[in-house]
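Following: one structure in structure tokens, then a few remarks.
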Amino acid sequence: MSQEAEFEISETETTNSSLDVSARKKALLLGRQLGLVSDDNYKGANASIIERTQHRQQRLLNQYQLNLETVYKLALSYTSSDVTGVDLDPDWSHQFFQMAEQIHNRKMQDLWARILASEIASPGNFSLRSLALLQQLTHREAQILEKALGMSVRVNKENRLKLISGYRISGGLGRLFRKSPATSLALSQFGLPYSNILTLVDAGILHRSEFETGLLNRKEPITLTMMDQQIHLRPKSEHLLFSYYRFTPIGDELSQLIQPKFDLEYLRSLKAQFSQDFVIS
């Protein structure tokens, strides 16, 4: 069998993909990307390997151009005529467009558009390292990040977000009457199981280890800000401290782009679990 004759994927085999989603149908659809399916004046079954290569490369370049145009048009919708713009760093913009052309998912393209619009208005917020990580971020990972941000708080006047995982009693008489000195928040009940935490760690968005605050001063009230909601806490003892996951610098940069949804049930659960050792207002 000749090299050209091995490929006989017909147009009819790849149609109606929305109705037939079998594994074979999905595999056949990949043939379009390889130049093996007939398209307009192109006949994949009769084309030489050189012609199939050229056809595939042209389709890829067309898709890259379409991706860039989509990102650019979205970025225009996020830029304002009332804000003074600046010239982008040539190296930054070159790398940006090289990476953005390979973003196919519509929601991810929207993130890249927000970055471009932000840099035109105020450059220096998003590093090339962050762009490289964002390029590898899947839509599912972006959804996990969105969920994590929706459960994260700012403590008092801190700028950096913390994903609080619980608190513990480090000493005192109160610790003697407990089975465990630590109280953990049930993050998994609200769509953020530990496996998702590990996904964000592997993606370079969260640090791998949990952190702890210093001992909380019972005489100083603590304000937790979750999006536009605030919780005011006062520790009931001198031996309490928070445990939390910290976002990496890249995670902090990406957090500027994501618009998380407020989770009222999570907020209620946090209040209920903290009420044993904190006065809440």
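Chain labels run A, B, ... following the order of the structure tokens; each chain numbers its residues from 1, and ligands are numbered from 1 in the order shown.
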What's around Glu253 (chain A) at 10 Å? Count only C-alpha atoms, leave out sequence neighbours fewer than 3 positions away in its own chain, and write the answer as a PDB file with N, CA and C atoms, in the first residue's frame.
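part37.pdb was written with the following content:
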```pdb
ATOM      1  N   ILE A 115      -5.460  40.953  29.663  1.00  0.00           N
ATOM      2  CA  ILE A 115      -4.050  41.244  29.919  1.00  0.00           C
ATOM      3  C   ILE A 115      -3.558  42.323  28.965  1.00  0.00           C
ATOM      4  N   ASN A 125       2.282  44.900  34.778  1.00  0.00           N
ATOM      5  CA  ASN A 125       1.516  44.102  35.732  1.00  0.00           C
ATOM      6  C   ASN A 125       1.650  42.606  35.480  1.00  0.00           C
ATOM      7  N   PHE A 126       1.956  42.232  34.245  1.00  0.00           N
ATOM      8  CA  PHE A 126       2.000  40.816  33.893  1.00  0.00           C
ATOM      9  C   PHE A 126       3.338  40.489  33.230  1.00  0.00           C
ATOM     10  N   SER A 127       4.092  39.643  33.914  1.00  0.00           N
ATOM     11  CA  SER A 127       5.421  39.285  33.436  1.00  0.00           C
ATOM     12  C   SER A 127       5.325  38.228  32.333  1.00  0.00           C
ATOM     13  N   SER A 130       4.578  34.890  33.767  1.00  0.00           N
ATOM     14  CA  SER A 130       3.159  34.656  34.019  1.00  0.00           C
ATOM     15  C   SER A 130       2.437  34.281  32.723  1.00  0.00           C
ATOM     16  N   LEU A 131       2.823  34.931  31.628  1.00  0.00           N
ATOM     17  CA  LEU A 131       2.212  34.609  30.343  1.00  0.00           C
ATOM     18  C   LEU A 131       2.517  33.174  29.936  1.00  0.00           C
ATOM     19  N   ILE A 205       0.464  28.039  40.801  1.00  0.00           N
ATOM     20  CA  ILE A 205      -0.401  29.129  41.246  1.00  0.00           C
ATOM     21  C   ILE A 205      -0.436  29.246  42.761  1.00  0.00           C
ATOM     22  N   PHE A 247      -0.866  32.262  47.548  1.00  0.00           N
ATOM     23  CA  PHE A 247      -0.680  32.312  46.103  1.00  0.00           C
ATOM     24  C   PHE A 247       0.761  32.695  45.782  1.00  0.00           C
ATOM     25  N   THR A 248       1.298  32.105  44.737  1.00  0.00           N
ATOM     26  CA  THR A 248       2.625  32.483  44.266  1.00  0.00           C
ATOM     27  C   THR A 248       2.542  33.863  43.619  1.00  0.00           C
ATOM     28  N   PRO A 249       3.676  34.512  43.361  1.00  0.00           N
ATOM     29  CA  PRO A 249       3.621  35.804  42.649  1.00  0.00           C
ATOM     30  C   PRO A 249       2.881  35.713  41.319  1.00  0.00           C
ATOM     31  N   ILE A 250       3.062  34.594  40.612  1.00  0.00           N
ATOM     32  CA  ILE A 250       2.336  34.409  39.357  1.00  0.00           C
ATOM     33  C   ILE A 250       0.847  34.249  39.628  1.00  0.00           C
ATOM     34  N   GLN A 256      -5.689  38.937  39.227  1.00  0.00           N
ATOM     35  CA  GLN A 256      -6.215  40.218  38.776  1.00  0.00           C
ATOM     36  C   GLN A 256      -7.161  40.065  37.591  1.00  0.00           C
ATOM     37  N   LEU A 257      -7.080  38.926  36.906  1.00  0.00           N
ATOM     38  CA  LEU A 257      -7.858  38.719  35.688  1.00  0.00           C
ATOM     39  C   LEU A 257      -9.162  37.984  35.934  1.00  0.00           C
ATOM     40  N   ILE A 258      -9.170  37.149  36.956  1.00  0.00           N
ATOM     41  CA  ILE A 258     -10.306  36.282  37.187  1.00  0.00           C
ATOM     42  C   ILE A 258     -11.397  37.032  37.948  1.00  0.00           C
TER      43      ILE A 258
END
```
*asked:* What parts of region 220-269 of chain A does DSSP call strand (DSSP E or B)? I'd like the answer as a list in words.
replied: Ile222, Thr223, Leu224, Thr225, Met226, Gln229, Gln230, Ile231, His232, Leu233, Arg234, Pro235, Leu240, Leu241, Phe242, Ser243, Tyr244, Tyr245, Arg246 and Phe247 of chain A
Near Glu265 (chain A), counting only C-alpha atoms, which residues have an atom at most 12 Å away, once you skip same-chain residues fewer than 2 positions from it, shown as a PDB file with N, CA and C atoms, in the first residue's frame?
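The result, written out as part.pdb:
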```pdb
ATOM      1  N   GLY A 150     -12.711  32.727  44.653  1.00  0.00           N
ATOM      2  CA  GLY A 150     -14.003  33.049  45.237  1.00  0.00           C
ATOM      3  C   GLY A 150     -14.097  32.687  46.698  1.00  0.00           C
ATOM      4  N   MET A 151     -13.141  31.876  47.194  1.00  0.00           N
ATOM      5  CA  MET A 151     -13.112  31.459  48.597  1.00  0.00           C
ATOM      6  C   MET A 151     -11.940  32.083  49.349  1.00  0.00           C
ATOM      7  N   ALA A 186     -14.103  23.012  55.605  1.00  0.00           N
ATOM      8  CA  ALA A 186     -14.495  21.960  54.659  1.00  0.00           C
ATOM      9  C   ALA A 186     -14.541  22.530  53.238  1.00  0.00           C
ATOM     10  N   LEU A 187     -13.362  22.803  52.684  1.00  0.00           N
ATOM     11  CA  LEU A 187     -13.304  23.397  51.346  1.00  0.00           C
ATOM     12  C   LEU A 187     -13.905  22.483  50.289  1.00  0.00           C
ATOM     13  N   GLN A 189     -16.463  20.620  50.405  1.00  0.00           N
ATOM     14  CA  GLN A 189     -17.924  20.686  50.350  1.00  0.00           C
ATOM     15  C   GLN A 189     -18.415  21.807  49.445  1.00  0.00           C
ATOM     16  N   PHE A 190     -17.510  22.706  49.120  1.00  0.00           N
ATOM     17  CA  PHE A 190     -17.897  23.852  48.295  1.00  0.00           C
ATOM     18  C   PHE A 190     -17.162  23.863  46.954  1.00  0.00           C
ATOM     19  N   GLY A 191     -16.777  22.676  46.512  1.00  0.00           N
ATOM     20  CA  GLY A 191     -16.223  22.541  45.162  1.00  0.00           C
ATOM     21  C   GLY A 191     -14.730  22.700  45.055  1.00  0.00           C
ATOM     22  N   LYS A 261     -17.017  34.097  41.487  1.00  0.00           N
ATOM     23  CA  LYS A 261     -18.391  34.235  41.945  1.00  0.00           C
ATOM     24  C   LYS A 261     -18.417  34.144  43.469  1.00  0.00           C
ATOM     25  N   PHE A 262     -19.210  34.995  44.082  1.00  0.00           N
ATOM     26  CA  PHE A 262     -19.317  34.998  45.537  1.00  0.00           C
ATOM     27  C   PHE A 262     -20.126  33.780  45.984  1.00  0.00           C
ATOM     28  N   ASP A 263     -19.612  33.050  46.965  1.00  0.00           N
ATOM     29  CA  ASP A 263     -20.239  31.834  47.466  1.00  0.00           C
ATOM     30  C   ASP A 263     -20.807  32.118  48.865  1.00  0.00           C
ATOM     31  N   LEU A 267     -19.430  31.307  52.884  1.00  0.00           N
ATOM     32  CA  LEU A 267     -19.279  32.352  53.887  1.00  0.00           C
ATOM     33  C   LEU A 267     -20.026  31.974  55.173  1.00  0.00           C
ATOM     34  N   ARG A 268     -21.212  31.423  55.028  1.00  0.00           N
ATOM     35  CA  ARG A 268     -21.983  30.998  56.197  1.00  0.00           C
ATOM     36  C   ARG A 268     -21.272  29.877  56.942  1.00  0.00           C
ATOM     37  N   SER A 269     -20.700  28.945  56.179  1.00  0.00           N
ATOM     38  CA  SER A 269     -19.987  27.834  56.804  1.00  0.00           C
ATOM     39  C   SER A 269     -18.757  28.336  57.549  1.00  0.00           C
ATOM     40  N   LEU A 270     -18.046  29.278  56.964  1.00  0.00           N
ATOM     41  CA  LEU A 270     -16.860  29.836  57.616  1.00  0.00           C
ATOM     42  C   LEU A 270     -17.240  30.483  58.946  1.00  0.00           C
ATOM     43  N   LYS A 271     -18.323  31.241  58.943  1.00  0.00           N
ATOM     44  CA  LYS A 271     -18.767  31.892  60.179  1.00  0.00           C
ATOM     45  C   LYS A 271     -19.122  30.855  61.243  1.00  0.00           C
ATOM     46  N   ALA A 272     -19.827  29.799  60.820  1.00  0.00           N
ATOM     47  CA  ALA A 272     -20.266  28.787  61.768  1.00  0.00           C
ATOM     48  C   ALA A 272     -19.085  28.058  62.401  1.00  0.00           C
TER      49      ALA A 272
END
```
*Run DSSP on the backbone of this structure and report the residues of region 194-274 of chain A it assigns to helix (DSSP H, G or I), as number ranges by chain.*
A: 194-202, 249-255, 264-274
Can you list every residue of region 106-169 of chain A that has an atom at most 10 Å from region 80-83 of chain A, with its nearest atom pair and the distance in Å to one decimal, using only C-alpha atoms, ordered by chain then number, as JSON lines?
```
{"residue": "A:Ala117", "atom": "CA", "partner": "A:Ser80", "partner_atom": "CA", "distance": 8.9}
{"residue": "A:Ile120", "atom": "CA", "partner": "A:Val83", "partner_atom": "CA", "distance": 9.6}
{"residue": "A:Ala121", "atom": "CA", "partner": "A:Val83", "partner_atom": "CA", "distance": 6.7}
{"residue": "A:Ser122", "atom": "CA", "partner": "A:Val83", "partner_atom": "CA", "distance": 9.5}
```
